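What follows is one structure encoded as structure tokens, with my remarks underneath.
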Amino acid sequence: MASATREREETTTLSVLAGECLVHAEGETHRGDVVVLLKPDNTVLVHDADGYRPVAWLTRADSVSTRRNDGFSITAIAGDRSLHVESQAEYGFGEFPASHAGIPVGDCPECDRVLVRSGGLIGCLGCSNRYGLPDGARLLDEGCDCGLPRMAVDRGETFELCIDRGCESLDEAVTERFDREWSCPACGDDLRVLRRGGLLAGCDAYPDCETAYVIPTGTVSGTCDCGLPRFETRSGGRCLDATCEESV
């Protein structure tokens, strides 16, 4: 096999290399029959025959380079840490599809493969479709007419929407319900629903008045003594203004 050295690029494959190797990491050198896993996020794991803990590893390396020429070598660097693996005898090499492993939540309407939820993301195992979920989103049993799951999200009240924001928009739903619903305690102008990183209730008099509040994950349960709405959240009751003395 011709010599090949390359910088590992972002990929969706899991590379597996097996052999008798010298493993240099953390100022120590190990030697043995090991399996080396190169993950898509540039994490490198070196496993031997004992237990679940790797002999050596480097998580989300800044760079990973590999060389294959009658054997293999791998060099991973993350800041001032490095991991170098050099085979003395190669037993095998393979590349396999890799994805997030999550809880099945339905079928993809575009390719009919399985949709899985991993944390705040729903992704298809068969194509590149990905759907980010708002904080606190709960999936519903009923599906959308487009074929995707629907979710319930608490932002002032409970909104039931498709997980695809292009199909049904949480921003539009919250805006329709709460835009100009509350008054700014600083100047008396209307609070508008805005998207600035997160969903905010911000003063319509901006930039003359810079009052703005993050709309919490919860439902309106009344009115605070300061005049702003009070929310019921997973951690208890609070004012829209998180710094309000009545917020706790």
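Going by the structure tokens order, chains are called A, B, ..., each with residues numbered from 1, while ligands are numbered from 1 in the order shown.
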Each residue of region 122-215 of chain A with at least one atom at most 9 Å from region 224-237 of chain A should appear once, together with its nearest atom pair and the corresponding distance in Å (one decimal); atoms considered: only C-alpha atoms; ordering: chain, then increasing residue number; output as a tab-separated table.
```
residue	atom	partner	partner_atom	distance
A:Asp154	CA	A:Thr233	CA	8.8
A:Gly156	CA	A:Phe231	CA	7.1
A:Trp182	CA	A:Leu228	CA	6.9
A:Ser183	CA	A:Leu228	CA	7.5
A:Cys184	CA	A:Leu228	CA	8.2
A:Pro185	CA	A:Gly227	CA	7.3
```
Export C-alpha atoms of the chosen residues as a short mmCIF file (atom, residue, chain, number, x, y, z; two decimals), in the first residue's frame?
```
data_model
loop_
_atom_site.label_atom_id
_atom_site.label_comp_id
_atom_site.auth_asym_id
_atom_site.auth_seq_id
_atom_site.Cartn_x
_atom_site.Cartn_y
_atom_site.Cartn_z
CA ASP A 154 -44.17 26.43 27.32
CA GLY A 156 -46.11 32.07 28.46
CA TRP A 182 -47.34 43.72 28.64
CA SER A 183 -46.06 47.23 29.38
CA CYS A 184 -42.49 48.28 30.06
CA PRO A 185 -42.13 49.14 33.78
#
```
Tell me which of A:Asp70, A:Glu20, A:Asp80, A:Asp190 sits closest to Asp48 (chain A), counting only C-alpha atoms.
->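 Under the stated criterion, the closest residue is A:Glu20.
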Exercise. May I ask which of the residues A:Ala205, A:Leu14, A:Ile163, A:Val220 is the closest one to His100 (chain A), counting only C-alpha atoms?
Key: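 Residue with the minimum atom-to-atom distance to His100 (chain A): A:Leu14.
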- Task: Go through A:Gly132, A:Pro216, A:Gly94, A:Pro40 and flag the residue nearest Val174 (chain A), using only C-alpha atoms for the distances.
- Result: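 Residue with the minimum atom-to-atom distance to Val174 (chain A): A:Pro216.
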Run DSSP on the backbone of this structure and report the residues of region 125-161 of chain A it assigns to strand (DSSP E or B), as a PDB file with N, CA and C atoms, in the first residue's frame.
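File written: part_37.pdb
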```pdb
ATOM      1  N   ARG A 130     -32.132  17.486  10.279  1.00  0.00           N
ATOM      2  CA  ARG A 130     -31.924  17.709  11.701  1.00  0.00           C
ATOM      3  C   ARG A 130     -32.886  18.789  12.162  1.00  0.00           C
ATOM      4  N   TYR A 131     -33.413  18.628  13.379  1.00  0.00           N
ATOM      5  CA  TYR A 131     -34.376  19.582  13.917  1.00  0.00           C
ATOM      6  C   TYR A 131     -33.992  19.891  15.361  1.00  0.00           C
ATOM      7  N   GLY A 132     -33.596  21.148  15.615  1.00  0.00           N
ATOM      8  CA  GLY A 132     -33.295  21.566  16.979  1.00  0.00           C
ATOM      9  C   GLY A 132     -34.567  21.831  17.754  1.00  0.00           C
ATOM     10  N   ARG A 138     -41.549  19.054  24.771  1.00  0.00           N
ATOM     11  CA  ARG A 138     -42.047  17.717  25.050  1.00  0.00           C
ATOM     12  C   ARG A 138     -42.731  17.195  23.788  1.00  0.00           C
ATOM     13  N   LEU A 139     -42.337  15.997  23.350  1.00  0.00           N
ATOM     14  CA  LEU A 139     -42.935  15.447  22.142  1.00  0.00           C
ATOM     15  C   LEU A 139     -44.334  14.921  22.431  1.00  0.00           C
ATOM     16  N   LEU A 140     -45.234  15.109  21.470  1.00  0.00           N
ATOM     17  CA  LEU A 140     -46.617  14.671  21.590  1.00  0.00           C
ATOM     18  C   LEU A 140     -46.834  13.360  20.840  1.00  0.00           C
ATOM     19  N   ASP A 141     -47.864  12.643  21.211  1.00  0.00           N
ATOM     20  CA  ASP A 141     -48.172  11.379  20.534  1.00  0.00           C
ATOM     21  C   ASP A 141     -48.657  11.615  19.102  1.00  0.00           C
ATOM     22  N   GLU A 142     -49.347  12.709  18.894  1.00  0.00           N
ATOM     23  CA  GLU A 142     -49.891  12.980  17.560  1.00  0.00           C
ATOM     24  C   GLU A 142     -48.815  13.592  16.673  1.00  0.00           C
ATOM     25  N   GLY A 143     -48.862  13.257  15.391  1.00  0.00           N
ATOM     26  CA  GLY A 143     -47.903  13.789  14.444  1.00  0.00           C
ATOM     27  C   GLY A 143     -48.485  14.954  13.652  1.00  0.00           C
ATOM     28  N   PRO A 149     -42.968  14.602  13.946  1.00  0.00           N
ATOM     29  CA  PRO A 149     -43.586  14.691  15.278  1.00  0.00           C
ATOM     30  C   PRO A 149     -43.980  16.123  15.612  1.00  0.00           C
ATOM     31  N   ARG A 150     -44.916  16.258  16.544  1.00  0.00           N
ATOM     32  CA  ARG A 150     -45.284  17.552  17.096  1.00  0.00           C
ATOM     33  C   ARG A 150     -44.792  17.632  18.532  1.00  0.00           C
ATOM     34  N   MET A 151     -44.692  18.851  19.038  1.00  0.00           N
ATOM     35  CA  MET A 151     -44.143  19.072  20.373  1.00  0.00           C
ATOM     36  C   MET A 151     -44.989  20.090  21.118  1.00  0.00           C
ATOM     37  N   ALA A 152     -44.867  20.080  22.435  1.00  0.00           N
ATOM     38  CA  ALA A 152     -45.479  21.087  23.291  1.00  0.00           C
ATOM     39  C   ALA A 152     -44.358  21.904  23.922  1.00  0.00           C
ATOM     40  N   VAL A 153     -44.490  23.230  23.847  1.00  0.00           N
ATOM     41  CA  VAL A 153     -43.469  24.138  24.366  1.00  0.00           C
ATOM     42  C   VAL A 153     -44.137  25.202  25.216  1.00  0.00           C
ATOM     43  N   ASP A 154     -43.623  25.420  26.429  1.00  0.00           N
ATOM     44  CA  ASP A 154     -44.167  26.432  27.323  1.00  0.00           C
ATOM     45  C   ASP A 154     -43.398  27.744  27.167  1.00  0.00           C
ATOM     46  N   ARG A 155     -44.055  28.761  26.631  1.00  0.00           N
ATOM     47  CA  ARG A 155     -43.498  30.114  26.551  1.00  0.00           C
ATOM     48  C   ARG A 155     -44.635  31.109  26.826  1.00  0.00           C
ATOM     49  N   GLY A 156     -44.972  31.240  28.087  1.00  0.00           N
ATOM     50  CA  GLY A 156     -46.113  32.073  28.458  1.00  0.00           C
ATOM     51  C   GLY A 156     -47.386  31.267  28.537  1.00  0.00           C
ATOM     52  N   THR A 158     -48.855  27.125  26.790  1.00  0.00           N
ATOM     53  CA  THR A 158     -48.376  25.924  26.117  1.00  0.00           C
ATOM     54  C   THR A 158     -48.778  25.963  24.650  1.00  0.00           C
ATOM     55  N   PHE A 159     -47.760  25.911  23.778  1.00  0.00           N
ATOM     56  CA  PHE A 159     -47.981  25.906  22.345  1.00  0.00           C
ATOM     57  C   PHE A 159     -47.679  24.523  21.794  1.00  0.00           C
ATOM     58  N   GLU A 160     -48.563  24.010  20.954  1.00  0.00           N
ATOM     59  CA  GLU A 160     -48.358  22.716  20.312  1.00  0.00           C
ATOM     60  C   GLU A 160     -48.025  22.962  18.839  1.00  0.00           C
ATOM     61  N   LEU A 161     -46.830  22.511  18.437  1.00  0.00           N
ATOM     62  CA  LEU A 161     -46.280  22.872  17.133  1.00  0.00           C
ATOM     63  C   LEU A 161     -45.543  21.699  16.514  1.00  0.00           C
TER      64      LEU A 161
END
```
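If you measure from each of A:Thr66, A:Thr219, A:Ser99, A:Ser128 to Arg238 (chain A) using only C-alpha atoms, the closest one turns out to be A:Thr219.
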Residues at most 12 Å from Ala186 (chain A), counting only C-alpha atoms, excluding those fewer than 6 positions away in the same chain, as a PyMOL selection string?
chain A and resi 202-206+208-212+226-228+241
Written selection (N, CA and C atoms) as a PDB file, in the first residue's frame:
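The file below, selection-v3.pdb, is the result:
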```
ATOM      1  N   GLY A 202     -39.065  42.790  24.746  1.00  0.00           N
ATOM      2  CA  GLY A 202     -38.242  43.995  24.756  1.00  0.00           C
ATOM      3  C   GLY A 202     -39.058  45.240  24.485  1.00  0.00           C
ATOM      4  N   CYS A 203     -38.629  46.349  25.052  1.00  0.00           N
ATOM      5  CA  CYS A 203     -39.378  47.592  24.960  1.00  0.00           C
ATOM      6  C   CYS A 203     -39.418  48.109  23.532  1.00  0.00           C
ATOM      7  N   ASP A 204     -40.616  48.585  23.116  1.00  0.00           N
ATOM      8  CA  ASP A 204     -40.808  49.105  21.767  1.00  0.00           C
ATOM      9  C   ASP A 204     -40.091  50.449  21.579  1.00  0.00           C
ATOM     10  N   ALA A 205     -39.659  51.062  22.688  1.00  0.00           N
ATOM     11  CA  ALA A 205     -38.981  52.356  22.613  1.00  0.00           C
ATOM     12  C   ALA A 205     -37.469  52.219  22.420  1.00  0.00           C
ATOM     13  N   TYR A 206     -36.975  50.988  22.220  1.00  0.00           N
ATOM     14  CA  TYR A 206     -35.542  50.780  21.986  1.00  0.00           C
ATOM     15  C   TYR A 206     -35.105  51.604  20.771  1.00  0.00           C
ATOM     16  N   ASP A 208     -34.075  54.110  22.871  1.00  0.00           N
ATOM     17  CA  ASP A 208     -34.233  55.078  23.963  1.00  0.00           C
ATOM     18  C   ASP A 208     -34.458  54.372  25.296  1.00  0.00           C
ATOM     19  N   CYS A 209     -35.135  53.231  25.249  1.00  0.00           N
ATOM     20  CA  CYS A 209     -35.308  52.391  26.443  1.00  0.00           C
ATOM     21  C   CYS A 209     -34.823  50.996  26.095  1.00  0.00           C
ATOM     22  N   GLU A 210     -33.863  50.478  26.844  1.00  0.00           N
ATOM     23  CA  GLU A 210     -33.246  49.194  26.530  1.00  0.00           C
ATOM     24  C   GLU A 210     -33.776  48.055  27.397  1.00  0.00           C
ATOM     25  N   THR A 211     -34.929  48.243  28.017  1.00  0.00           N
ATOM     26  CA  THR A 211     -35.507  47.208  28.865  1.00  0.00           C
ATOM     27  C   THR A 211     -35.866  45.977  28.035  1.00  0.00           C
ATOM     28  N   ALA A 212     -35.413  44.806  28.483  1.00  0.00           N
ATOM     29  CA  ALA A 212     -35.724  43.550  27.785  1.00  0.00           C
ATOM     30  C   ALA A 212     -35.607  42.396  28.775  1.00  0.00           C
ATOM     31  N   CYS A 226     -44.819  43.967  40.733  1.00  0.00           N
ATOM     32  CA  CYS A 226     -44.172  45.017  39.953  1.00  0.00           C
ATOM     33  C   CYS A 226     -44.958  45.348  38.687  1.00  0.00           C
ATOM     34  N   GLY A 227     -45.991  44.557  38.381  1.00  0.00           N
ATOM     35  CA  GLY A 227     -46.820  44.795  37.215  1.00  0.00           C
ATOM     36  C   GLY A 227     -46.533  43.893  36.041  1.00  0.00           C
ATOM     37  N   LEU A 228     -45.415  43.216  36.047  1.00  0.00           N
ATOM     38  CA  LEU A 228     -45.075  42.287  34.980  1.00  0.00           C
ATOM     39  C   LEU A 228     -45.735  40.929  35.230  1.00  0.00           C
ATOM     40  N   ASP A 241     -39.241  39.456  35.032  1.00  0.00           N
ATOM     41  CA  ASP A 241     -37.951  40.065  35.370  1.00  0.00           C
ATOM     42  C   ASP A 241     -37.251  39.195  36.399  1.00  0.00           C
TER      43      ASP A 241
END
```
What separates CA of Phe178 (chain A) and CA of Val193 (chain A) is a distance of 6.9 Å
Can you pull out every residue from region 48-217 of chain A that DSSP, working from the backbone, puts in alpha helix (DSSP H), and format the result as a VMD selection string?
chain A and resid 170 to 178
Expected file contents, prior selection, C-alpha atoms, as a PDB file, in the first residue's frame:
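This went into again-v4.pdb:
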```pdb
ATOM      1  CA  LEU A 170     -42.688  29.055  17.808  1.00  0.00           C
ATOM      2  CA  ASP A 171     -41.619  32.687  17.347  1.00  0.00           C
ATOM      3  CA  GLU A 172     -44.755  33.462  15.338  1.00  0.00           C
ATOM      4  CA  ALA A 173     -47.011  31.690  17.838  1.00  0.00           C
ATOM      5  CA  VAL A 174     -45.545  33.551  20.845  1.00  0.00           C
ATOM      6  CA  THR A 175     -45.614  36.850  18.946  1.00  0.00           C
ATOM      7  CA  GLU A 176     -49.272  36.420  17.972  1.00  0.00           C
ATOM      8  CA  ARG A 177     -50.203  35.676  21.589  1.00  0.00           C
ATOM      9  CA  PHE A 178     -47.994  38.026  23.637  1.00  0.00           C
TER      10      PHE A 178
END
```
Skipping near chain neighbours, those fewer than 4 positions away, what residues fall within 9 Å of Ala101 (chain A) using only C-alpha atoms, listed as a PyMOL selection string? chain A and resi 116-118+125
- prompt: Got a sec: who's within 6 Å of region 25-38 of chain A, counting only C-alpha atoms, leaving out chain neighbours fewer than 5 positions off, as a PyMOL selection string?
  reply: chain A and resi 14-20+44-48+83
Keeping C-alpha atoms for every residue in the selection just given, could you write it to a file as a short mmCIF file (atom, residue, chain, number, x, y, z; two decimals), in the first residue's frame?
```cif
data_model
loop_
_atom_site.label_atom_id
_atom_site.label_comp_id
_atom_site.auth_asym_id
_atom_site.auth_seq_id
_atom_site.Cartn_x
_atom_site.Cartn_y
_atom_site.Cartn_z
CA LEU A 14 -16.32 6.01 12.64
CA SER A 15 -12.86 4.63 11.83
CA VAL A 16 -11.69 1.44 13.57
CA LEU A 17 -8.05 0.34 13.51
CA ALA A 18 -6.72 -2.76 15.25
CA GLY A 19 -3.17 -3.89 15.82
CA GLU A 20 -0.24 -4.37 18.16
CA VAL A 44 -9.64 9.26 19.74
CA LEU A 45 -10.07 6.22 22.02
CA VAL A 46 -7.57 3.39 22.49
CA HIS A 47 -9.05 0.21 24.02
CA ASP A 48 -7.33 -2.96 25.20
CA LEU A 83 -1.76 11.20 21.77
#
```
Exercise. Find the spatial neighbours of Arg60 (chain A), counting only C-alpha atoms, within a cut-off of 6 Å - ignore same-chain residues fewer than 5 positions away - and output them as a PyMOL selection string.
Key: chain A and resi 41-43
